[in-house]
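Containing TSV, C-alpha atoms and all ligand atoms: work.tsv.
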```tsv
chain	number	residue	atom	x	y	z
A	1	MET	CA	139.65	153.47	237.55
A	2	GLY	CA	135.89	153.94	237.22
A	3	LYS	CA	133.81	153.44	234.13
A	4	ILE	CA	132.71	156.95	233.24
A	5	ASN	CA	134.49	158.66	230.39
A	6	THR	CA	135.35	161.83	232.30
A	7	ARG	CA	135.39	164.94	230.13
A	8	ILE	CA	138.25	167.27	231.12
A	9	VAL	CA	138.13	170.83	229.77
A	10	LYS	CA	140.44	173.80	230.24
A	11	ILE	CA	138.31	176.82	230.99
A	12	ASN	CA	139.15	180.49	231.41
A	13	GLY	CA	139.10	181.46	235.09
A	14	ILE	CA	138.33	185.11	234.46
A	15	ASN	CA	135.96	184.96	231.50
A	16	PRO	CA	134.71	181.37	231.42
A	17	GLU	CA	133.69	180.22	227.94
A	18	LYS	CA	129.87	180.20	227.82
A	19	GLU	CA	129.59	176.96	225.87
A	20	LEU	CA	131.77	175.11	228.41
A	21	ILE	CA	129.71	176.48	231.32
A	22	GLU	CA	126.53	175.40	229.54
A	23	GLU	CA	127.97	171.93	229.00
A	24	GLY	CA	128.69	171.63	232.73
A	25	ALA	CA	125.25	172.99	233.62
A	26	LYS	CA	123.63	170.37	231.40
A	27	PHE	CA	125.39	167.63	233.35
A	28	ILE	CA	124.28	169.21	236.64
A	29	ARG	CA	120.66	169.44	235.48
A	30	ALA	CA	120.85	165.80	234.35
A	31	GLY	CA	121.89	164.68	237.85
A	32	LYS	CA	125.58	164.14	236.96
A	33	LEU	CA	128.71	165.27	238.83
A	34	VAL	CA	130.94	168.14	237.69
A	35	ALA	CA	134.17	169.24	239.42
A	36	PHE	CA	134.86	172.97	239.23
A	37	PRO	CA	137.25	175.47	240.81
A	38	THR	CA	136.27	177.88	243.58
A	39	GLU	CA	138.52	180.45	245.26
A	40	THR	CA	139.20	177.96	248.09
A	41	VAL	CA	139.53	174.44	246.65
A	42	TYR	CA	137.93	172.47	243.79
A	43	GLY	CA	134.33	171.40	244.47
A	44	LEU	CA	132.53	168.26	243.36
A	45	GLY	CA	129.17	169.63	242.26
A	46	ALA	CA	125.70	168.14	241.88
A	47	ASN	CA	122.18	169.53	241.77
A	48	GLY	CA	121.60	170.27	245.46
A	49	LEU	CA	117.85	169.70	245.18
A	50	ASP	CA	118.18	166.28	243.51
A	51	GLU	CA	118.59	163.60	246.14
A	52	ALA	CA	119.79	160.91	243.73
A	53	ALA	CA	122.44	163.23	242.25
A	54	VAL	CA	123.68	164.17	245.72
A	55	GLU	CA	123.93	160.50	246.61
A	56	GLU	CA	126.38	160.10	243.72
A	57	ILE	CA	128.69	162.62	245.45
A	58	PHE	CA	128.93	160.40	248.53
A	59	ILE	CA	129.65	157.36	246.35
A	60	ALA	CA	132.31	159.05	244.16
A	61	LYS	CA	134.18	160.42	247.19
A	62	GLY	CA	133.64	157.47	249.50
A	63	ARG	CA	132.25	160.01	251.95
A	64	PRO	CA	130.56	158.96	255.22
A	65	GLN	CA	126.79	159.55	254.97
A	66	ASP	CA	126.69	161.48	258.25
A	67	ASN	CA	128.82	164.32	256.88
A	68	PRO	CA	126.61	167.16	255.56
A	69	LEU	CA	127.31	169.16	252.38
A	70	ILE	CA	127.51	172.87	251.57
A	71	LEU	CA	125.02	174.39	249.11
A	72	HIS	CA	126.58	176.95	246.76
A	73	VAL	CA	124.57	179.92	245.49
A	74	SER	CA	125.30	182.67	242.97
A	75	SER	CA	123.15	185.46	244.45
A	76	LEU	CA	121.67	186.52	247.80
A	77	GLU	CA	118.11	185.90	246.54
A	78	GLU	CA	118.86	182.21	246.12
A	79	VAL	CA	119.33	181.82	249.90
A	80	LYS	CA	115.75	182.65	250.88
A	81	PRO	CA	113.95	179.50	249.64
A	82	LEU	CA	116.60	177.27	251.26
A	83	VAL	CA	116.26	178.60	254.82
A	84	LYS	CA	113.63	179.29	257.49
A	85	GLU	CA	114.89	182.76	258.30
A	86	ILE	CA	117.80	185.09	257.70
A	87	SER	CA	118.99	186.80	260.86
A	88	LYS	CA	120.28	190.36	260.95
A	89	GLU	CA	123.82	189.06	261.62
A	90	ALA	CA	123.66	186.69	258.68
A	91	GLU	CA	122.54	189.51	256.42
A	92	ILE	CA	125.43	191.71	257.50
A	93	LEU	CA	127.97	188.89	257.09
A	94	MET	CA	126.70	187.96	253.64
A	95	LYS	CA	126.95	191.60	252.51
A	96	GLU	CA	130.45	191.91	253.95
A	97	PHE	CA	132.06	188.60	253.00
A	98	TRP	CA	130.16	187.15	250.02
A	99	PRO	CA	131.19	186.15	247.52
A	100	GLY	CA	134.03	184.66	249.55
A	101	PRO	CA	135.34	181.83	251.72
A	102	LEU	CA	132.65	182.02	254.42
A	103	THR	CA	130.01	179.28	254.84
A	104	LEU	CA	127.03	180.14	257.04
A	105	LEU	CA	124.67	177.75	258.81
A	106	PHE	CA	120.92	178.47	258.67
A	107	LYS	CA	117.83	176.61	259.85
A	108	LYS	CA	116.90	174.64	256.73
A	109	SER	CA	113.64	174.91	254.80
A	110	THR	CA	111.75	171.81	253.64
A	111	LEU	CA	113.11	172.37	250.11
A	112	VAL	CA	116.55	171.15	251.22
A	113	PRO	CA	116.82	167.35	251.01
A	114	MET	CA	117.80	165.51	254.20
A	115	ILE	CA	120.78	163.92	252.43
A	116	ILE	CA	122.37	167.41	252.13
A	117	THR	CA	122.24	168.10	255.86
A	118	ALA	CA	122.79	164.49	256.98
A	119	GLY	CA	119.58	164.72	258.95
A	120	LEU	CA	120.49	167.96	260.77
A	121	ASP	CA	118.01	170.85	260.86
A	122	THR	CA	120.66	173.33	259.71
A	123	VAL	CA	121.95	173.85	256.17
A	124	ALA	CA	125.39	175.24	255.22
A	125	ILE	CA	125.40	177.80	252.40
A	126	ARG	CA	128.08	179.86	250.68
A	127	MET	CA	128.60	182.05	247.64
A	128	PRO	CA	132.00	181.25	246.10
A	129	ASN	CA	134.21	184.03	244.77
A	130	HIS	CA	135.12	182.47	241.43
A	131	PRO	CA	133.65	183.30	238.01
A	132	ILE	CA	133.54	179.64	236.91
A	133	ALA	CA	131.66	178.58	240.04
A	134	ILE	CA	129.26	181.51	239.87
A	135	GLU	CA	128.51	181.06	236.15
A	136	LEU	CA	128.03	177.31	236.60
A	137	ILE	CA	125.49	177.83	239.42
A	138	LYS	CA	123.67	180.54	237.42
A	139	SER	CA	123.54	178.48	234.29
A	140	SER	CA	122.39	175.35	236.16
A	141	GLY	CA	119.54	177.28	237.77
A	142	VAL	CA	119.82	175.31	241.03
A	143	PRO	CA	121.91	175.51	244.20
A	144	ILE	CA	124.97	173.31	243.71
A	145	ALA	CA	125.92	170.91	246.50
A	146	ALA	CA	129.71	170.63	246.53
A	147	PRO	CA	132.16	169.10	248.94
A	148	SER	CA	135.85	169.36	248.15
A	149	ALA	CA	136.56	167.24	245.03
A	150	ASN	CA	138.93	164.75	246.67
A	151	THR	CA	138.59	161.15	247.75
A	152	SER	CA	137.37	161.27	251.34
A	153	GLY	CA	140.32	161.53	253.76
A	154	LYS	CA	142.79	162.88	251.19
A	155	PRO	CA	143.95	166.50	251.05
A	156	SER	CA	141.49	168.83	249.29
A	157	PRO	CA	142.28	169.51	245.62
A	158	THR	CA	143.79	172.87	244.72
A	159	SER	CA	144.31	172.03	241.03
A	160	ALA	CA	142.51	170.03	238.34
A	161	GLU	CA	145.41	167.53	238.44
A	162	HIS	CA	144.52	166.70	242.05
A	163	VAL	CA	140.89	166.10	241.04
A	164	ILE	CA	142.03	163.88	238.17
A	165	GLU	CA	144.24	161.88	240.60
A	166	ASP	CA	141.24	161.17	242.83
A	167	LEU	CA	138.11	161.15	240.67
A	168	TYR	CA	138.99	160.40	237.03
A	169	GLY	CA	136.53	157.84	235.68
A	170	LYS	CA	134.09	158.44	238.55
A	171	ILE	CA	132.51	161.75	237.50
A	172	HIS	CA	131.25	163.25	234.22
A	173	MET	CA	133.25	166.45	233.91
A	174	ILE	CA	136.27	168.26	235.34
A	175	MET	CA	136.56	171.99	234.65
A	176	ASP	CA	140.23	172.93	234.77
A	177	GLY	CA	140.44	176.60	235.73
A	178	GLY	CA	143.99	176.50	237.12
A	179	THR	CA	145.15	176.48	240.73
A	180	THR	CA	142.90	177.92	243.43
A	181	GLY	CA	143.67	181.13	245.34
A	182	VAL	CA	143.06	180.52	249.04
A	183	GLY	CA	144.02	176.84	248.95
A	184	LEU	CA	142.16	175.98	252.20
A	185	GLU	CA	138.44	175.28	252.53
A	186	SER	CA	136.00	178.00	253.60
A	187	THR	CA	135.38	179.07	257.18
A	188	VAL	CA	132.23	177.38	258.50
A	189	LEU	CA	130.30	179.61	260.93
A	190	ASP	CA	127.26	178.55	262.96
A	191	LEU	CA	124.93	181.47	263.64
A	192	THR	CA	122.00	179.31	264.71
A	193	VAL	CA	123.28	178.96	268.28
A	194	GLU	CA	123.42	181.48	271.12
A	195	THR	CA	127.11	182.32	270.74
A	196	PRO	CA	128.25	182.30	267.09
A	197	ILE	CA	130.91	179.64	266.64
A	198	ILE	CA	133.47	178.84	263.96
A	199	LEU	CA	133.18	175.12	263.26
A	200	ARG	CA	136.04	175.12	260.74
A	201	PRO	CA	138.64	177.91	260.42
A	202	GLY	CA	139.37	179.15	256.90
A	203	GLY	CA	140.01	182.15	254.66
A	204	ILE	CA	137.70	184.50	256.59
A	205	THR	CA	139.46	184.54	259.93
A	206	LEU	CA	138.35	184.78	263.56
A	207	GLU	CA	139.89	188.26	263.60
A	208	ASP	CA	137.88	189.29	260.49
A	209	LEU	CA	134.63	188.01	262.02
A	210	LYS	CA	135.26	189.63	265.42
A	211	GLU	CA	134.98	193.04	263.81
A	212	ILE	CA	131.33	192.30	263.11
A	213	LEU	CA	130.53	189.66	265.74
A	214	PRO	CA	132.56	190.62	268.84
A	215	ASP	CA	131.46	187.49	270.76
A	216	VAL	CA	132.29	184.94	268.02
A	217	GLU	CA	134.30	181.93	269.20
A	218	LEU	CA	136.40	179.24	267.59
A	219	ASP	CA	135.37	175.63	268.33
A	220	ALA	CA	138.14	174.67	270.77
A	221	ALA	CA	138.49	171.23	269.16
A	222	MET	CA	139.80	172.99	266.02
A	223	ILE	CA	143.07	174.16	267.51
A	224	LYS	CA	143.77	172.61	270.90
A	225	ASP	CA	145.93	169.52	270.76
A	226	ASP	CA	143.60	167.78	273.18
A	227	ASN	CA	142.28	164.83	271.17
A	228	LYS	CA	139.42	164.28	273.61
A	229	LEU	CA	137.61	167.44	272.49
A	230	VAL	CA	134.85	166.43	270.07
A	231	PRO	CA	134.39	168.84	267.15
A	232	LYS	CA	130.91	170.33	266.77
A	233	SER	CA	130.87	169.90	262.98
A	234	PRO	CA	130.37	166.32	261.76
A	235	GLY	CA	133.05	166.59	259.07
A	236	GLN	CA	135.72	167.64	261.52
A	237	LYS	CA	135.77	164.41	263.46
A	238	TYR	CA	137.35	162.44	260.62
A	239	ARG	CA	141.09	162.30	259.98
A	240	HIS	CA	141.49	164.54	256.98
A	241	TYR	CA	143.99	165.91	254.56
A	242	ALA	CA	146.02	162.88	255.46
A	243	PRO	CA	149.23	162.01	253.66
A	244	LYS	CA	150.15	158.33	253.37
A	245	ALA	CA	153.29	159.14	255.35
A	246	ASP	CA	153.33	159.53	259.13
A	247	MET	CA	153.43	163.24	259.87
A	248	PHE	CA	154.76	165.30	262.79
A	249	VAL	CA	154.30	169.05	263.20
A	250	PHE	CA	156.86	171.09	265.15
A	251	VAL	CA	155.78	174.29	266.89
A	252	GLY	CA	157.75	176.92	268.83
A	253	GLN	CA	160.37	179.52	267.92
A	254	VAL	CA	161.49	179.14	264.30
A	255	GLU	CA	165.17	178.51	265.18
A	256	ASP	CA	164.16	175.81	267.67
A	257	ILE	CA	161.83	174.19	265.13
A	258	VAL	CA	164.61	174.00	262.53
A	259	LYS	CA	167.07	172.56	265.06
A	260	ALA	CA	164.61	169.92	266.28
A	261	ILE	CA	163.60	168.88	262.75
A	262	LYS	CA	167.26	168.59	261.66
A	263	GLU	CA	168.04	166.38	264.65
A	264	ARG	CA	165.00	164.16	264.19
A	265	ALA	CA	165.55	163.90	260.43
A	266	GLY	CA	169.16	162.85	261.00
A	267	GLN	CA	168.10	160.07	263.40
A	268	LEU	CA	165.37	158.80	261.08
A	269	ILE	CA	167.66	158.81	258.05
A	270	GLU	CA	170.23	156.79	260.05
A	271	GLU	CA	167.42	154.28	260.70
A	272	GLY	CA	166.97	153.98	256.93
A	273	LYS	CA	163.77	156.03	256.64
A	274	THR	CA	162.93	158.37	253.77
A	275	VAL	CA	162.18	161.69	255.43
A	276	GLY	CA	160.23	164.61	253.97
A	277	ILE	CA	160.82	168.05	255.46
A	278	MET	CA	158.07	170.63	255.02
A	279	ALA	CA	160.08	173.83	255.33
A	280	THR	CA	159.38	177.48	254.54
A	281	ASP	CA	161.08	179.92	252.14
A	282	GLU	CA	162.96	181.45	255.07
A	283	THR	CA	164.28	178.14	256.43
A	284	GLU	CA	164.61	175.66	253.55
A	285	HIS	CA	168.31	176.44	252.94
A	286	GLU	CA	169.11	175.35	256.51
A	287	TYR	CA	168.27	171.71	255.90
A	288	GLU	CA	170.78	169.36	254.31
A	289	ARG	CA	169.29	165.89	254.41
A	290	GLY	CA	165.89	164.54	253.38
A	291	VAL	CA	163.32	165.46	250.75
A	292	ILE	CA	163.05	169.18	251.40
A	293	MET	CA	160.12	171.24	250.10
A	294	SER	CA	159.13	174.79	251.01
A	295	VAL	CA	155.41	175.31	251.57
A	296	GLY	CA	155.59	179.13	251.26
A	297	SER	CA	156.75	182.22	253.08
A	298	ARG	CA	156.45	182.91	256.80
A	299	LYS	CA	156.17	186.58	255.87
A	300	ASN	CA	153.03	185.87	253.85
A	301	LEU	CA	151.10	183.01	255.44
A	302	GLY	CA	148.59	183.18	252.58
A	303	THR	CA	151.20	181.52	250.35
A	304	ILE	CA	151.42	178.64	252.83
A	305	GLY	CA	147.64	178.23	252.73
A	306	GLN	CA	147.80	178.14	248.94
A	307	ASN	CA	150.50	175.48	248.71
A	308	LEU	CA	149.86	173.29	251.74
A	309	PHE	CA	147.66	170.58	250.19
A	310	ASN	CA	149.76	170.37	247.03
A	311	VAL	CA	152.96	169.92	249.04
A	312	ILE	CA	151.35	167.12	251.11
A	313	ARG	CA	150.38	165.35	247.87
A	314	ARG	CA	153.91	165.83	246.43
A	315	PHE	CA	155.46	164.21	249.53
A	316	ASP	CA	153.25	161.19	248.94
A	317	GLU	CA	154.44	161.05	245.32
A	318	ARG	CA	158.01	160.99	246.57
A	319	LYS	CA	157.01	158.05	248.80
A	320	VAL	CA	158.48	159.47	251.97
A	321	ASP	CA	157.90	157.40	255.13
A	322	ILE	CA	157.70	160.36	257.47
A	323	ILE	CA	156.99	164.07	257.05
A	324	LEU	CA	158.47	166.53	259.55
A	325	ALA	CA	156.59	169.80	259.13
A	326	GLU	CA	157.26	173.28	260.46
A	327	GLY	CA	154.27	174.78	262.24
A	328	VAL	CA	153.24	178.44	262.00
A	329	GLU	CA	151.75	180.87	264.49
A	330	SER	CA	148.07	180.30	265.13
A	331	PHE	CA	146.54	183.64	264.24
A	332	HIS	CA	144.74	185.02	261.17
A	333	ILE	CA	145.07	182.47	258.35
A	334	GLY	CA	147.68	180.67	260.47
A	335	THR	CA	144.80	179.28	262.57
A	336	ALA	CA	143.38	177.48	259.51
A	337	ILE	CA	146.85	176.28	258.45
A	338	MET	CA	147.56	174.84	261.92
A	339	ASN	CA	144.11	173.23	262.00
A	340	ARG	CA	144.84	171.41	258.70
A	341	LEU	CA	148.34	170.42	259.87
A	342	LYS	CA	146.89	169.11	263.13
A	343	LYS	CA	144.42	166.97	261.20
A	344	ALA	CA	146.93	165.84	258.57
A	345	SER	CA	149.25	164.66	261.34
A	346	GLY	CA	146.51	163.00	263.34
A	347	GLY	CA	147.30	165.45	266.17
A	348	LYS	CA	151.03	164.70	266.37
A	349	ILE	CA	152.14	168.19	267.35
A	350	ILE	CA	155.56	168.51	268.98
A	351	LYS	CA	156.31	171.61	271.09
A	352	VAL	CA	159.97	172.60	271.02
A	401	LIG	O1	135.67	175.90	250.61
A	401	LIG	C1	134.82	175.03	250.77
A	401	LIG	O2	134.00	175.07	251.72
A	401	LIG	C2	134.76	173.87	249.76
A	401	LIG	C3	134.38	174.46	248.41
A	401	LIG	C4	134.19	173.40	247.36
A	401	LIG	O3	133.26	175.27	248.53
A	401	LIG	N1	133.84	172.88	250.19
A	401	LIG	C5	134.10	172.07	251.23
A	401	LIG	O4	133.09	171.14	251.47
A	401	LIG	O5	135.12	172.11	251.88
A	401	LIG	P1	133.32	169.87	252.41
A	401	LIG	O6	132.09	169.05	252.23
A	401	LIG	O7	134.60	169.24	252.08
A	401	LIG	O8	133.29	170.46	253.85
A	401	LIG	C6	132.09	170.96	254.40
A	401	LIG	C7	132.22	171.06	255.90
A	401	LIG	C8	132.27	169.70	256.55
A	401	LIG	O9	133.20	169.74	257.61
A	401	LIG	C9	130.84	169.53	257.08
A	401	LIG	O10	130.77	168.66	258.18
A	401	LIG	C10	130.48	170.95	257.43
A	401	LIG	O11	131.06	171.73	256.42
A	401	LIG	N2	129.01	171.15	257.42
A	401	LIG	C11	128.20	171.18	256.35
A	401	LIG	N3	126.91	171.33	256.73
A	401	LIG	C12	126.92	171.42	258.08
A	401	LIG	C13	125.91	171.57	259.08
A	401	LIG	N4	124.63	171.68	258.75
A	401	LIG	N5	126.32	171.61	260.37
A	401	LIG	C14	127.62	171.51	260.70
A	401	LIG	N6	128.61	171.36	259.81
A	401	LIG	C15	128.28	171.31	258.52
A	402	MG	MG	136.32	168.14	252.27
```
Written form, structure tokens:
Amino acid sequence: MGKINTRIVKINGINPEKELIEEGAKFIRAGKLVAFPTETVYGLGANGLDEAAVEEIFIAKGRPQDNPLILHVSSLEEVKPLVKEISKEAEILMKEFWPGPLTLLFKKSTLVPMIITAGLDTVAIRMPNHPIAIELIKSSGVPIAAPSANTSGKPSPTSAEHVIEDLYGKIHMIMDGGTTGVGLESTVLDLTVETPIILRPGGITLEDLKEILPDVELDAAMIKDDNKLVPKSPGQKYRHYAPKADMFVFVGQVEDIVKAIKERAGQLIEEGKTVGIMATDETEHEYERGVIMSVGSRKNLGTIGQNLFNVIRRFDERKVDIILAEGVESFHIGTAIMNRLKKASGGKIIKV
């Protein structure tokens, strides 16, 4: 437990109370840290133009210094002073997908402190689609630097409870606006290179982006189970979203996945292990032994995105030794889900 008396407030996610927003903005302007909800996950915000404040983010999270941060804006005009130029493609994408779960890379201007970009010449910017986030940025009057509001290495927070678990006593304020909608972090897209490339898959999918950028690619290290591929984004090289338990992800036909997990769970339970099974609404009734939790519906992968990080945290609470997780098909939002499962399991993907 840290030494700061963290102020926790419930705040309306549709019409945020002005006085609570102003209270948060005051902390931001004073160089303090405020956790707030976005449509993806909770962010840990600081004044993005205040180097000392941004440094506090790295300390509170225990984040490696070489991992750059995203700047959050509340209007298109706020982008201009932060970047060298805005390409035609960027303009179209911002109009189409902002506010929303798409982070774009730009060549940075000198206004952006080096600590934000970890020394890189590009800066990541996004406009979140959440009234609390937007009002907080507006009221602060500065771009807000915000990584996910978790301890580095843990699953990103999708509720204020998760933020409290990780950061209580280490930051000045937590704005509790309920659970987040997408549940997975934003898509990070690099437009500063010849062929636009997705550095991290998220809520805006490869398929969505292809409609506007036909040649866009997904960084192969994001999905392939070849651990020798080095991700292009600094943040992606760390083991992330990691449960305390050892995790294995099963991919293939659904019936085969269920059969393989049942078999493996049986063996492990015989060995005296506590086994967590990450099932889906369609399959959870088929399992008999182990700590069984459904992560959502295979018919609506968005629900799996929403619940994934919470379910990983709940397995840790139940102190399971091993998590056997069902994989999903890697298209649309399924690509982002499989990317997070791959990272949470340290690449232990089992094809059945
Ligand atoms: O949905 C989200 O993006 C959430 C909410 C709070 O907005 N934020 C978030 O931030 O996930 P964070 O710091 O946990 O992840 C940012 C990712 C990291 O993988 C980082 O390496 C990458 O974006 N990134 C940031 N700036 C970059 C840059 N200039 N070049 C390459 N990657 C960059
Ligand atoms: Mg993060």
| query | Near range 254-264 of chain A, counting all atoms listed in the file, which residues have an atom at most 7 Å away, once you skip same-chain residues fewer than 2 positions from it, shown as a list in words? | reply | Phe250, Val251, Gly252, Gly266, Gln267, Leu268, Tyr287, Leu324, Glu326 and Val352 of chain A
Selection to disk with C-alpha atoms, as a compact mmCIF listing (two decimals), in the frame of the given file:
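Contents of result.txt, as written:
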```
# COMPACT_ATOMS: atom_id res chain seq x y z
CA PHE A 250 156.86 171.09 265.15
CA VAL A 251 155.78 174.29 266.89
CA GLY A 252 157.75 176.92 268.83
CA GLY A 266 169.16 162.85 261.00
CA GLN A 267 168.10 160.07 263.40
CA LEU A 268 165.37 158.80 261.08
CA TYR A 287 168.27 171.71 255.90
CA LEU A 324 158.47 166.53 259.55
CA GLU A 326 157.26 173.28 260.46
CA VAL A 352 159.97 172.60 271.02
```
Once you count all atoms listed in the file, what closest atom pair and distance in Å to one decimal does each residue of chain A within 10 Å of ligand MG 402 (chain A) have, with rows by chain and rising residue number, as a tab-separated table?
```
residue	atom	partner	partner_atom	distance
A:Val41	CA	A:MG402	MG	9.0
A:Tyr42	CA	A:MG402	MG	9.7
A:Gly43	CA	A:MG402	MG	8.7
A:Leu44	CA	A:MG402	MG	9.7
A:Lys61	CA	A:MG402	MG	9.5
A:Arg63	CA	A:MG402	MG	9.1
A:Asn67	CA	A:MG402	MG	9.6
A:Leu69	CA	A:MG402	MG	9.1
A:Ala146	CA	A:MG402	MG	9.1
A:Pro147	CA	A:MG402	MG	5.4
A:Ser148	CA	A:MG402	MG	4.3
A:Ala149	CA	A:MG402	MG	7.3
A:Asn150	CA	A:MG402	MG	7.0
A:Thr151	CA	A:MG402	MG	8.6
A:Ser152	CA	A:MG402	MG	7.0
A:Gly153	CA	A:MG402	MG	7.9
A:Lys154	CA	A:MG402	MG	8.4
A:Pro155	CA	A:MG402	MG	7.9
A:Ser156	CA	A:MG402	MG	6.0
A:Pro157	CA	A:MG402	MG	9.0
A:Leu184	CA	A:MG402	MG	9.8
A:Glu185	CA	A:MG402	MG	7.5
A:Ser186	CA	A:MG402	MG	10.0
A:Gly235	CA	A:MG402	MG	7.7
A:Gln236	CA	A:MG402	MG	9.3
A:His240	CA	A:MG402	MG	7.9
A:Tyr241	CA	A:MG402	MG	8.3
```
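Among A:Leu111, A:Ala25, A:Leu199, A:Leu136, the residue with the shortest atom-to-atom distance to ligand LIG 401 (chain A), counting only C-alpha atoms and all ligand atoms, is A:Leu199.
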| query | Could you name the residues that touch Ala46 in chain A at 8 Å or less, counting all atoms listed in the file, but leaving out those on the same chain fewer than 3 positions away, as a VMD selection string? | reply | chain A and resid 28 31 to 34 50 53 to 54 57 144 to 146
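Distance annotation: of A:Val142, A:Leu82, A:Val188, A:Leu341, the residue with the minimal separation from Pro113 in chain A is A:Leu82; atom set is all atoms listed in the file.
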Can you rebuild range 48-60 of chain A with N, CA and C atoms and give it as an mmCIF file, in the coordinates of the input?
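Saved file result_21.cif follows:
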```cif
data_model
loop_
_atom_site.group_PDB
_atom_site.id
_atom_site.type_symbol
_atom_site.label_atom_id
_atom_site.label_comp_id
_atom_site.auth_asym_id
_atom_site.auth_seq_id
_atom_site.Cartn_x
_atom_site.Cartn_y
_atom_site.Cartn_z
ATOM 1 N N GLY A 48 121.829 170.372 244.026
ATOM 2 C CA GLY A 48 121.600 170.270 245.460
ATOM 3 C C GLY A 48 120.171 169.952 245.846
ATOM 4 N N LEU A 49 119.246 170.004 244.882
ATOM 5 C CA LEU A 49 117.850 169.700 245.180
ATOM 6 C C LEU A 49 117.463 168.307 244.682
ATOM 7 N N ASP A 50 118.424 167.605 244.101
ATOM 8 C CA ASP A 50 118.180 166.280 243.510
ATOM 9 C C ASP A 50 118.869 165.223 244.367
ATOM 10 N N GLU A 51 118.063 164.543 245.167
ATOM 11 C CA GLU A 51 118.590 163.600 246.140
ATOM 12 C C GLU A 51 119.488 162.521 245.511
ATOM 13 N N ALA A 52 119.033 161.994 244.380
ATOM 14 C CA ALA A 52 119.790 160.910 243.730
ATOM 15 C C ALA A 52 121.146 161.429 243.246
ATOM 16 N N ALA A 53 121.178 162.647 242.724
ATOM 17 C CA ALA A 53 122.440 163.230 242.250
ATOM 18 C C ALA A 53 123.391 163.436 243.418
ATOM 19 N N VAL A 54 122.847 163.920 244.549
ATOM 20 C CA VAL A 54 123.680 164.170 245.720
ATOM 21 C C VAL A 54 124.251 162.857 246.263
ATOM 22 N N GLU A 55 123.446 161.800 246.161
ATOM 23 C CA GLU A 55 123.930 160.500 246.610
ATOM 24 C C GLU A 55 125.180 160.088 245.831
ATOM 25 N N GLU A 56 125.219 160.427 244.558
ATOM 26 C CA GLU A 56 126.380 160.100 243.720
ATOM 27 C C GLU A 56 127.664 160.753 244.260
ATOM 28 N N ILE A 57 127.526 161.937 244.855
ATOM 29 C CA ILE A 57 128.690 162.620 245.450
ATOM 30 C C ILE A 57 129.311 161.732 246.532
ATOM 31 N N PHE A 58 128.444 161.228 247.416
ATOM 32 C CA PHE A 58 128.930 160.400 248.530
ATOM 33 C C PHE A 58 129.625 159.151 248.006
ATOM 34 N N ILE A 59 129.069 158.585 246.916
ATOM 35 C CA ILE A 59 129.650 157.360 246.350
ATOM 36 C C ILE A 59 131.005 157.673 245.709
ATOM 37 N N ALA A 60 131.064 158.722 244.883
ATOM 38 C CA ALA A 60 132.310 159.050 244.160
ATOM 39 C C ALA A 60 133.451 159.349 245.125
#
```
